[in-house]
file protein-v2.cif (mmCIF, C-alpha atoms)
data_input
#
loop_
_atom_site.label_atom_id
_atom_site.label_comp_id
_atom_site.auth_asym_id
_atom_site.auth_seq_id
_atom_site.Cartn_x
_atom_site.Cartn_y
_atom_site.Cartn_z
CA GLY A 1413 43.41 -58.74 42.78
CA THR A 1414 43.67 -57.97 39.12
CA ARG A 1415 40.42 -57.49 37.30
CA ARG A 1416 39.98 -58.68 33.74
CA ARG A 1417 38.87 -56.21 31.11
CA GLY A 1418 35.12 -56.28 30.62
CA SER A 1419 34.44 -57.79 34.03
CA GLY A 1420 32.02 -55.04 34.98
CA HIS A 1421 34.50 -53.08 37.11
CA SER A 1422 36.34 -49.82 36.52
CA ARG A 1423 39.28 -49.20 38.85
CA GLY A 1424 37.68 -51.37 41.50
CA ARG A 1425 34.18 -49.91 41.02
CA ALA A 1426 31.25 -51.89 39.75
CA THR A 1427 29.98 -50.68 36.39
CA GLY A 1428 26.72 -51.04 34.55
CA ALA A 1429 26.15 -51.19 30.80
CA LEU A 1430 23.62 -48.72 29.40
CA GLY A 1431 21.40 -51.54 28.17
CA GLU A 1432 21.21 -52.87 31.72
CA LEU A 1433 20.58 -49.38 33.15
CA ALA A 1434 17.76 -48.90 30.63
CA ARG A 1435 16.15 -52.19 31.73
CA THR A 1436 16.19 -51.00 35.37
CA GLY A 1437 14.63 -47.62 34.53
CA ALA A 1438 17.74 -45.51 35.25
CA LEU A 1439 17.59 -44.08 31.72
CA ASP A 1440 15.72 -44.25 28.45
CA ILE A 1441 17.59 -44.88 25.20
CA HIS A 1442 16.12 -43.39 22.01
CA LEU A 1443 17.50 -44.23 18.58
CA PRO A 1444 16.18 -43.11 15.16
CA THR A 1445 14.78 -46.17 13.43
CA THR A 1446 15.56 -47.34 9.93
CA THR A 1447 11.96 -46.50 9.02
CA GLY A 1448 12.76 -42.84 9.66
CA ASP A 1449 11.20 -42.35 13.08
CA PRO A 1450 12.88 -39.24 14.53
CA LEU A 1451 14.29 -38.87 18.01
CA PRO A 1452 11.92 -37.22 20.49
CA PRO A 1453 12.45 -33.49 21.05
CA THR A 1454 15.34 -32.84 23.42
CA ARG A 1455 14.87 -31.41 26.88
CA PRO A 1456 17.28 -30.30 29.62
CA GLY A 1457 19.13 -33.28 31.09
CA ASP A 1458 19.15 -35.27 27.85
CA VAL A 1459 22.48 -36.56 26.56
CA LEU A 1460 23.19 -36.83 22.82
CA VAL A 1461 25.77 -39.45 21.82
CA PRO A 1462 27.09 -39.80 18.25
CA LEU A 1463 27.09 -43.46 17.25
CA ILE A 1464 29.45 -43.16 14.27
CA HIS A 1465 32.71 -41.21 14.23
CA ASP A 1466 36.16 -41.22 12.67
CA THR A 1467 38.36 -43.97 14.07
CA ASP A 1468 40.98 -41.42 15.15
CA THR A 1469 38.58 -39.32 17.24
CA THR A 1470 36.51 -39.84 20.36
CA PRO A 1471 32.84 -38.95 19.91
CA THR A 1472 31.73 -35.85 21.76
CA THR A 1473 28.69 -36.32 23.93
CA HIS A 1474 26.45 -33.31 24.39
CA VAL A 1475 24.33 -32.52 27.45
CA ILE A 1476 21.22 -30.43 26.85
CA ASP A 1477 20.97 -27.81 29.58
CA HIS A 1478 19.53 -24.34 30.16
CA THR A 1479 22.52 -22.70 28.43
CA THR A 1480 22.25 -24.88 25.34
CA PRO A 1481 20.54 -23.25 22.36
CA PRO A 1482 17.80 -25.41 20.86
CA PRO A 1483 19.80 -27.95 18.84
CA THR A 1484 19.25 -28.67 15.23
CA PRO A 1485 17.64 -32.08 14.88
CA PRO A 1486 20.26 -34.67 15.85
CA GLU A 1487 21.88 -36.60 13.07
CA ARG A 1488 20.54 -39.97 12.08
CA HIS A 1489 23.40 -41.79 13.80
CA THR A 1490 22.84 -40.23 17.22
CA ALA A 1491 21.39 -41.70 20.38
CA LEU A 1492 19.34 -39.61 22.77
CA LEU A 1493 19.72 -40.74 26.37
CA ARG A 1494 17.23 -39.50 28.93
CA PRO A 1495 18.62 -40.27 32.40
CA ASN A 1496 16.27 -40.57 35.36
CA PRO A 1497 17.44 -37.60 37.49
CA GLN A 1498 16.90 -39.66 40.66
CA ALA A 1499 19.36 -42.28 39.38
CA LEU A 1500 21.87 -40.69 36.98
CA ASP A 1501 23.50 -37.25 36.69
CA PRO A 1502 23.54 -36.26 32.97
CA TRP A 1503 27.02 -34.69 33.06
CA PHE A 1504 28.40 -37.76 34.88
CA LEU A 1505 26.80 -39.95 32.22
CA ALA A 1506 28.16 -37.85 29.34
CA GLY A 1507 31.67 -37.70 30.79
CA PHE A 1508 32.03 -41.43 31.31
CA LEU A 1509 30.46 -42.21 27.93
CA ARG A 1510 33.08 -40.03 26.28
CA ALA A 1511 36.02 -41.86 27.88
CA SER A 1512 38.30 -43.34 25.20
CA HIS A 1513 38.50 -46.78 26.83
CA ASN A 1514 34.69 -46.92 27.07
CA THR A 1515 34.06 -46.09 23.41
CA ARG A 1516 36.81 -48.51 22.30
CA GLN A 1517 35.24 -51.47 24.08
CA ALA A 1518 31.76 -50.70 22.71
CA SER A 1519 32.91 -50.07 19.13
CA SER A 1520 33.01 -51.99 15.91
CA TYR A 1521 35.17 -50.78 13.07
CA ALA A 1522 34.28 -50.42 9.41
CA SER A 1523 37.00 -48.84 7.25
CA SER A 1524 37.68 -45.33 8.58
CA ALA A 1525 34.57 -45.12 10.76
CA THR A 1526 33.77 -46.50 14.19
CA ARG A 1527 30.25 -47.52 15.15
CA ILE A 1528 29.31 -47.55 18.84
CA ASP A 1529 26.90 -50.06 20.35
CA ILE A 1530 25.24 -47.67 22.79
CA ARG A 1531 23.94 -50.47 25.02
CA ARG A 1532 27.49 -51.74 25.65
CA LEU A 1533 28.85 -48.43 26.98
CA LYS A 1534 29.42 -48.56 30.74
CA VAL A 1535 29.32 -46.17 33.67
CA PRO A 1536 30.37 -46.73 37.28
CA ARG A 1537 27.66 -47.60 39.76
CA ILE A 1538 28.17 -44.92 42.39
CA PRO A 1539 25.80 -42.87 44.57
CA LEU A 1540 24.08 -39.86 42.97
CA ALA A 1541 25.98 -37.37 45.19
CA GLU A 1542 29.32 -38.73 43.93
CA GLN A 1543 28.00 -38.73 40.35
CA GLN A 1544 27.15 -35.05 40.77
CA ARG A 1545 30.72 -34.28 41.89
CA TYR A 1546 32.04 -35.94 38.73
CA GLY A 1547 29.30 -34.20 36.74
CA ARG A 1548 30.42 -30.75 37.91
CA ARG A 1549 33.99 -31.46 36.74
CA PHE A 1550 32.80 -32.83 33.38
CA ALA A 1551 30.58 -29.74 32.89
CA GLU A 1552 33.57 -27.48 33.64
CA LEU A 1553 35.68 -29.40 31.10
CA ALA A 1554 32.91 -29.06 28.49
CA THR A 1555 32.84 -25.28 29.05
CA PHE A 1556 36.65 -25.14 28.78
CA GLU A 1557 36.57 -27.17 25.55
CA THR A 1558 33.89 -24.89 24.05
CA THR A 1559 35.97 -21.84 24.97
CA LEU A 1560 39.05 -23.38 23.32
CA GLN A 1561 37.06 -24.17 20.17
CA HIS A 1562 35.76 -20.60 20.07
CA ALA A 1563 39.30 -19.20 20.48
CA ALA A 1564 40.59 -21.48 17.71
CA ASP A 1565 37.75 -20.34 15.42
CA LEU A 1566 38.56 -16.67 16.14
CA GLY A 1567 42.23 -17.37 15.42
CA ARG A 1568 41.39 -18.98 12.06
CA ARG A 1569 39.16 -16.05 11.12
CA LEU A 1570 41.83 -13.52 12.13
CA THR A 1571 44.45 -15.39 10.13
CA GLN A 1572 42.22 -15.59 7.03
CA GLY A 1573 41.26 -11.91 7.34
CA THR A 1574 44.93 -10.93 7.55
CA ILE A 1575 45.82 -13.09 4.53
CA ASP A 1576 42.93 -11.54 2.58
CA ALA A 1577 43.99 -8.00 3.57
CA LEU A 1578 47.63 -8.68 2.59
CA THR A 1579 46.71 -10.23 -0.76
CA GLN A 1580 44.19 -7.49 -1.61
CA GLY A 1581 46.63 -4.74 -0.73
CA THR A 1582 44.56 -3.27 2.12
CA LEU A 1583 47.25 -4.14 4.67
CA PRO A 1584 50.91 -3.41 3.97
CA PRO A 1585 53.32 -6.33 4.53
CA GLY A 1586 55.46 -4.30 6.95
CA ASP A 1587 59.14 -4.91 7.49
#

call {"tool": "encode", "arguments": {"input": "protein-v2.cif", "output": "structure tokens"}}
result
Amino acid sequence: GTRRRGSGHSRGRATGALGELARTGALDIHLPTTTGDPLPPTRPGDVLVPLIHDTDTTPTTHVIDHTTPPPTPPERHTALLRPNPQALDPWFLAGFLRASHNTRQASSYASSATRIDIRRLKVPRIPLAEQQRYGRRFAELATFETTLQHAADLGRRLTQGTIDALTQGTLPPGD
């Protein structure tokens, strides 16, 4: 049968909202408070989720792992999720939280910014072994995206350096 949006299912799979998963001990949700309490220090397996982003972009979740340099303190509008490794794979969690349809349903809009209600984001309820298969793919995509961003940055720097060399006369314009 057809499932209605928001019925707790994703393509025939049962889903759980993060607020519900936090109540069952599958993960801890940490948010900076309005009184200025900072997030706890990050550790491998944590997932950082931006709570405010431009309406035309999808927020990029970030998994802390052994290859991640120590991050600068997360911004004020960031959630730190600490999944229980016996219940949730961090890369699986990050990948599903980044899905456009997921962030749309958990968002409220204010002018050009979108605010995410972290407790309303959902992930499929599937066995840990299957989560880990998804997690491996999401980790590979994150590496690919980082490589693309690095290549784009190098391209911008090369272009600017060439423009500077042409305009300063250190590189002839050629034919």

call {"tool": "resolve_selection", "arguments": {"input": "protein-v2.cif", "expression": "the PyMOL selection byres ((chain A and resi 1508) around 10)", "output": "list in words"}}
result
Thr1473, Trp1503, Phe1504, Leu1505, Ala1506, Gly1507, Leu1509, Arg1510, Ala1511, Ser1512, His1513, Asn1514, Thr1515, Leu1533, Lys1534, Val1535, Pro1536, Tyr1546, Gly1547 and Phe1550 of chain A

call {"tool": "resolve_selection", "arguments": {"input": "protein-v2.cif", "expression": "the PyMOL selection byres ((chain A and resi 1441) around 10)", "output": "list in words"}}
result
Leu1430, Gly1431, Leu1433, Ala1434, Arg1435, Leu1439, Asp1440, His1442, Leu1443, Leu1451, Val1459, Ala1491, Leu1492, Leu1493, Arg1494, Pro1495, Ile1530 and Arg1531 of chain A

call {"tool": "atom_distance", "arguments": {"input": "protein-v2.cif", "atom1": "atom CA of A:Pro1450", "atom2": "atom CA of A:Thr1490"}}
result
10.4 Å

call {"tool": "closest_residue", "arguments": {"input": "protein-v2.cif", "among": "A:Arg1425, A:Asn1496, A:Ala1438, A:Ile1528", "to": "A:Val1461", "atoms": "only C-alpha atoms"}}
result
A:Ile1528

call {"tool": "atom_distance", "arguments": {"input": "protein-v2.cif", "atom1": "atom CA of A:Pro1456", "atom2": "atom CA of A:Pro1539"}}
result
21.3 Å

call {"tool": "atom_distance", "arguments": {"input": "protein-v2.cif", "atom1": "atom CA of A:Pro1462", "atom2": "atom CA of A:His1489"}}
result
6.1 Å

call {"tool": "residues_around", "arguments": {"input": "protein-v2.cif", "residues": "stretch 1554-1569 of chain A", "least_positions_apart": "3", "cutoff": "10 Å", "atoms": "only C-alpha atoms", "output": "list in words"}}
result
Thr1472, Thr1473, His1474, Val1475, Trp1503, Gly1507, Arg1548, Arg1549, Phe1550, Ala1551, Gln1572, Gly1573, Thr1574 and Ile1575 of chain A

call {"tool": "closest_residue", "arguments": {"input": "protein-v2.cif", "among": "A:Pro1444, A:Gly1586, A:Gly1581, A:Gly1437", "to": "A:Gln1498", "atoms": "all atoms listed in the file"}}
result
A:Gly1437

call {"tool": "decode", "arguments": {"input": "protein-v2.cif", "residues": "stretch 1557-1573 of chain A", "atoms": "all heavy atoms", "output": "PDB file, in the first residue's frame"}}
result
ATOM      1  N   GLU A1557      33.637  13.831  -1.951  1.00  0.00           N
ATOM      2  CA  GLU A1557      33.240  15.230  -1.888  1.00  0.00           C
ATOM      3  C   GLU A1557      34.402  16.110  -1.415  1.00  0.00           C
ATOM      4  O   GLU A1557      34.640  17.190  -1.968  1.00  0.00           O
ATOM      5  CB  GLU A1557      32.035  15.394  -0.955  1.00  0.00           C
ATOM      6  CG  GLU A1557      31.537  16.818  -0.870  1.00  0.00           C
ATOM      7  CD  GLU A1557      30.299  16.926  -0.012  1.00  0.00           C
ATOM      8  OE1 GLU A1557      30.277  16.364   1.101  1.00  0.00           O
ATOM      9  OE2 GLU A1557      29.351  17.592  -0.465  1.00  0.00           O
ATOM     10  N   THR A1558      35.142  15.652  -0.420  1.00  0.00           N
ATOM     11  CA  THR A1558      36.305  16.403   0.072  1.00  0.00           C
ATOM     12  C   THR A1558      37.349  16.552  -1.024  1.00  0.00           C
ATOM     13  O   THR A1558      37.934  17.619  -1.204  1.00  0.00           O
ATOM     14  CB  THR A1558      36.902  15.702   1.312  1.00  0.00           C
ATOM     15  OG1 THR A1558      35.900  15.669   2.335  1.00  0.00           O
ATOM     16  CG2 THR A1558      38.133  16.422   1.827  1.00  0.00           C
ATOM     17  N   THR A1559      37.574  15.481  -1.782  1.00  0.00           N
ATOM     18  CA  THR A1559      38.532  15.524  -2.884  1.00  0.00           C
ATOM     19  C   THR A1559      38.085  16.524  -3.947  1.00  0.00           C
ATOM     20  O   THR A1559      38.897  17.298  -4.469  1.00  0.00           O
ATOM     21  CB  THR A1559      38.718  14.118  -3.494  1.00  0.00           C
ATOM     22  OG1 THR A1559      39.152  13.233  -2.455  1.00  0.00           O
ATOM     23  CG2 THR A1559      39.721  14.107  -4.626  1.00  0.00           C
ATOM     24  N   LEU A1560      36.789  16.526  -4.266  1.00  0.00           N
ATOM     25  CA  LEU A1560      36.260  17.491  -5.242  1.00  0.00           C
ATOM     26  C   LEU A1560      36.428  18.923  -4.750  1.00  0.00           C
ATOM     27  O   LEU A1560      36.800  19.821  -5.520  1.00  0.00           O
ATOM     28  CB  LEU A1560      34.779  17.230  -5.518  1.00  0.00           C
ATOM     29  CG  LEU A1560      34.429  16.048  -6.395  1.00  0.00           C
ATOM     30  CD1 LEU A1560      32.912  15.898  -6.491  1.00  0.00           C
ATOM     31  CD2 LEU A1560      35.033  16.196  -7.778  1.00  0.00           C
ATOM     32  N   GLN A1561      36.151  19.157  -3.464  1.00  0.00           N
ATOM     33  CA  GLN A1561      36.301  20.502  -2.908  1.00  0.00           C
ATOM     34  C   GLN A1561      37.764  20.949  -2.969  1.00  0.00           C
ATOM     35  O   GLN A1561      38.053  22.098  -3.274  1.00  0.00           O
ATOM     36  CB  GLN A1561      35.776  20.539  -1.471  1.00  0.00           C
ATOM     37  CG  GLN A1561      34.272  20.438  -1.395  1.00  0.00           C
ATOM     38  CD  GLN A1561      33.766  20.203   0.016  1.00  0.00           C
ATOM     39  OE1 GLN A1561      34.510  19.838   0.922  1.00  0.00           O
ATOM     40  NE2 GLN A1561      32.473  20.404   0.217  1.00  0.00           N
ATOM     41  N   HIS A1562      38.681  20.023  -2.692  1.00  0.00           N
ATOM     42  CA  HIS A1562      40.099  20.330  -2.740  1.00  0.00           C
ATOM     43  C   HIS A1562      40.515  20.677  -4.175  1.00  0.00           C
ATOM     44  O   HIS A1562      41.242  21.654  -4.410  1.00  0.00           O
ATOM     45  CB  HIS A1562      40.918  19.150  -2.204  1.00  0.00           C
ATOM     46  CG  HIS A1562      42.388  19.388  -2.179  1.00  0.00           C
ATOM     47  ND1 HIS A1562      42.980  20.318  -1.353  1.00  0.00           N
ATOM     48  CD2 HIS A1562      43.392  18.833  -2.892  1.00  0.00           C
ATOM     49  CE1 HIS A1562      44.286  20.328  -1.562  1.00  0.00           C
ATOM     50  NE2 HIS A1562      44.555  19.432  -2.490  1.00  0.00           N
ATOM     51  N   ALA A1563      40.043  19.891  -5.146  1.00  0.00           N
ATOM     52  CA  ALA A1563      40.357  20.151  -6.556  1.00  0.00           C
ATOM     53  C   ALA A1563      39.799  21.506  -6.991  1.00  0.00           C
ATOM     54  O   ALA A1563      40.475  22.272  -7.696  1.00  0.00           O
ATOM     55  CB  ALA A1563      39.812  19.035  -7.440  1.00  0.00           C
ATOM     56  N   ALA A1564      38.580  21.831  -6.564  1.00  0.00           N
ATOM     57  CA  ALA A1564      37.979  23.122  -6.914  1.00  0.00           C
ATOM     58  C   ALA A1564      38.790  24.263  -6.304  1.00  0.00           C
ATOM     59  O   ALA A1564      39.028  25.289  -6.956  1.00  0.00           O
ATOM     60  CB  ALA A1564      36.527  23.186  -6.446  1.00  0.00           C
ATOM     61  N   ASP A1565      39.246  24.094  -5.069  1.00  0.00           N
ATOM     62  CA  ASP A1565      40.061  25.115  -4.415  1.00  0.00           C
ATOM     63  C   ASP A1565      41.377  25.313  -5.168  1.00  0.00           C
ATOM     64  O   ASP A1565      41.810  26.448  -5.414  1.00  0.00           O
ATOM     65  CB  ASP A1565      40.323  24.729  -2.962  1.00  0.00           C
ATOM     66  CG  ASP A1565      41.117  25.786  -2.226  1.00  0.00           C
ATOM     67  OD1 ASP A1565      40.711  26.969  -2.254  1.00  0.00           O
ATOM     68  OD2 ASP A1565      42.162  25.431  -1.626  1.00  0.00           O
ATOM     69  N   LEU A1566      42.025  24.209  -5.552  1.00  0.00           N
ATOM     70  CA  LEU A1566      43.269  24.312  -6.332  1.00  0.00           C
ATOM     71  C   LEU A1566      43.016  25.014  -7.662  1.00  0.00           C
ATOM     72  O   LEU A1566      43.838  25.836  -8.103  1.00  0.00           O
ATOM     73  CB  LEU A1566      43.862  22.921  -6.566  1.00  0.00           C
ATOM     74  CG  LEU A1566      44.459  22.224  -5.346  1.00  0.00           C
ATOM     75  CD1 LEU A1566      44.896  20.807  -5.714  1.00  0.00           C
ATOM     76  CD2 LEU A1566      45.619  23.019  -4.780  1.00  0.00           C
ATOM     77  N   GLY A1567      41.909  24.706  -8.306  1.00  0.00           N
ATOM     78  CA  GLY A1567      41.557  25.356  -9.572  1.00  0.00           C
ATOM     79  C   GLY A1567      41.360  26.852  -9.408  1.00  0.00           C
ATOM     80  O   GLY A1567      41.825  27.651 -10.239  1.00  0.00           O
ATOM     81  N   ARG A1568      40.682  27.268  -8.331  1.00  0.00           N
ATOM     82  CA  ARG A1568      40.492  28.704  -8.067  1.00  0.00           C
ATOM     83  C   ARG A1568      41.832  29.395  -7.827  1.00  0.00           C
ATOM     84  O   ARG A1568      42.080  30.486  -8.333  1.00  0.00           O
ATOM     85  CB  ARG A1568      39.568  28.914  -6.860  1.00  0.00           C
ATOM     86  CG  ARG A1568      38.083  28.751  -7.174  1.00  0.00           C
ATOM     87  CD  ARG A1568      37.202  29.187  -6.019  1.00  0.00           C
ATOM     88  NE  ARG A1568      37.316  28.298  -4.871  1.00  0.00           N
ATOM     89  CZ  ARG A1568      36.665  27.156  -4.711  1.00  0.00           C
ATOM     90  NH1 ARG A1568      35.824  26.755  -5.650  1.00  0.00           N
ATOM     91  NH2 ARG A1568      36.828  26.415  -3.634  1.00  0.00           N
ATOM     92  N   ARG A1569      42.704  28.741  -7.056  1.00  0.00           N
ATOM     93  CA  ARG A1569      44.012  29.327  -6.765  1.00  0.00           C
ATOM     94  C   ARG A1569      44.868  29.426  -8.035  1.00  0.00           C
ATOM     95  O   ARG A1569      45.567  30.421  -8.248  1.00  0.00           O
ATOM     96  CB  ARG A1569      44.714  28.520  -5.676  1.00  0.00           C
ATOM     97  CG  ARG A1569      44.018  28.737  -4.329  1.00  0.00           C
ATOM     98  CD  ARG A1569      44.447  27.827  -3.216  1.00  0.00           C
ATOM     99  NE  ARG A1569      45.869  27.626  -3.088  1.00  0.00           N
ATOM    100  CZ  ARG A1569      46.401  26.610  -2.435  1.00  0.00           C
ATOM    101  NH1 ARG A1569      45.635  25.707  -1.850  1.00  0.00           N
ATOM    102  NH2 ARG A1569      47.705  26.482  -2.351  1.00  0.00           N
ATOM    103  N   LEU A1570      44.821  28.401  -8.874  1.00  0.00           N
ATOM    104  CA  LEU A1570      45.564  28.426 -10.132  1.00  0.00           C
ATOM    105  C   LEU A1570      45.051  29.550 -11.026  1.00  0.00           C
ATOM    106  O   LEU A1570      45.831  30.313 -11.614  1.00  0.00           O
ATOM    107  CB  LEU A1570      45.446  27.079 -10.854  1.00  0.00           C
ATOM    108  CG  LEU A1570      46.075  27.012 -12.252  1.00  0.00           C
ATOM    109  CD1 LEU A1570      47.583  27.253 -12.182  1.00  0.00           C
ATOM    110  CD2 LEU A1570      45.771  25.676 -12.894  1.00  0.00           C
ATOM    111  N   THR A1571      43.733  29.667 -11.122  1.00  0.00           N
ATOM    112  CA  THR A1571      43.133  30.719 -11.937  1.00  0.00           C
ATOM    113  C   THR A1571      43.545  32.097 -11.417  1.00  0.00           C
ATOM    114  O   THR A1571      43.970  32.962 -12.194  1.00  0.00           O
ATOM    115  CB  THR A1571      41.595  30.582 -11.959  1.00  0.00           C
ATOM    116  OG1 THR A1571      41.260  29.307 -12.505  1.00  0.00           O
ATOM    117  CG2 THR A1571      40.948  31.686 -12.773  1.00  0.00           C
ATOM    118  N   GLN A1572      43.446  32.328 -10.120  1.00  0.00           N
ATOM    119  CA  GLN A1572      43.808  33.630  -9.555  1.00  0.00           C
ATOM    120  C   GLN A1572      45.282  33.917  -9.753  1.00  0.00           C
ATOM    121  O   GLN A1572      45.670  35.038 -10.093  1.00  0.00           O
ATOM    122  CB  GLN A1572      43.438  33.698  -8.067  1.00  0.00           C
ATOM    123  CG  GLN A1572      43.610  35.090  -7.473  1.00  0.00           C
ATOM    124  CD  GLN A1572      42.718  36.114  -8.156  1.00  0.00           C
ATOM    125  OE1 GLN A1572      41.511  35.926  -8.282  1.00  0.00           O
ATOM    126  NE2 GLN A1572      43.310  37.209  -8.630  1.00  0.00           N
ATOM    127  N   GLY A1573      46.135  32.897  -9.559  1.00  0.00           N
ATOM    128  CA  GLY A1573      47.574  33.088  -9.766  1.00  0.00           C
ATOM    129  C   GLY A1573      47.894  33.455 -11.201  1.00  0.00           C
ATOM    130  O   GLY A1573      48.760  34.298 -11.472  1.00  0.00           O
TER     131      GLY A1573
END
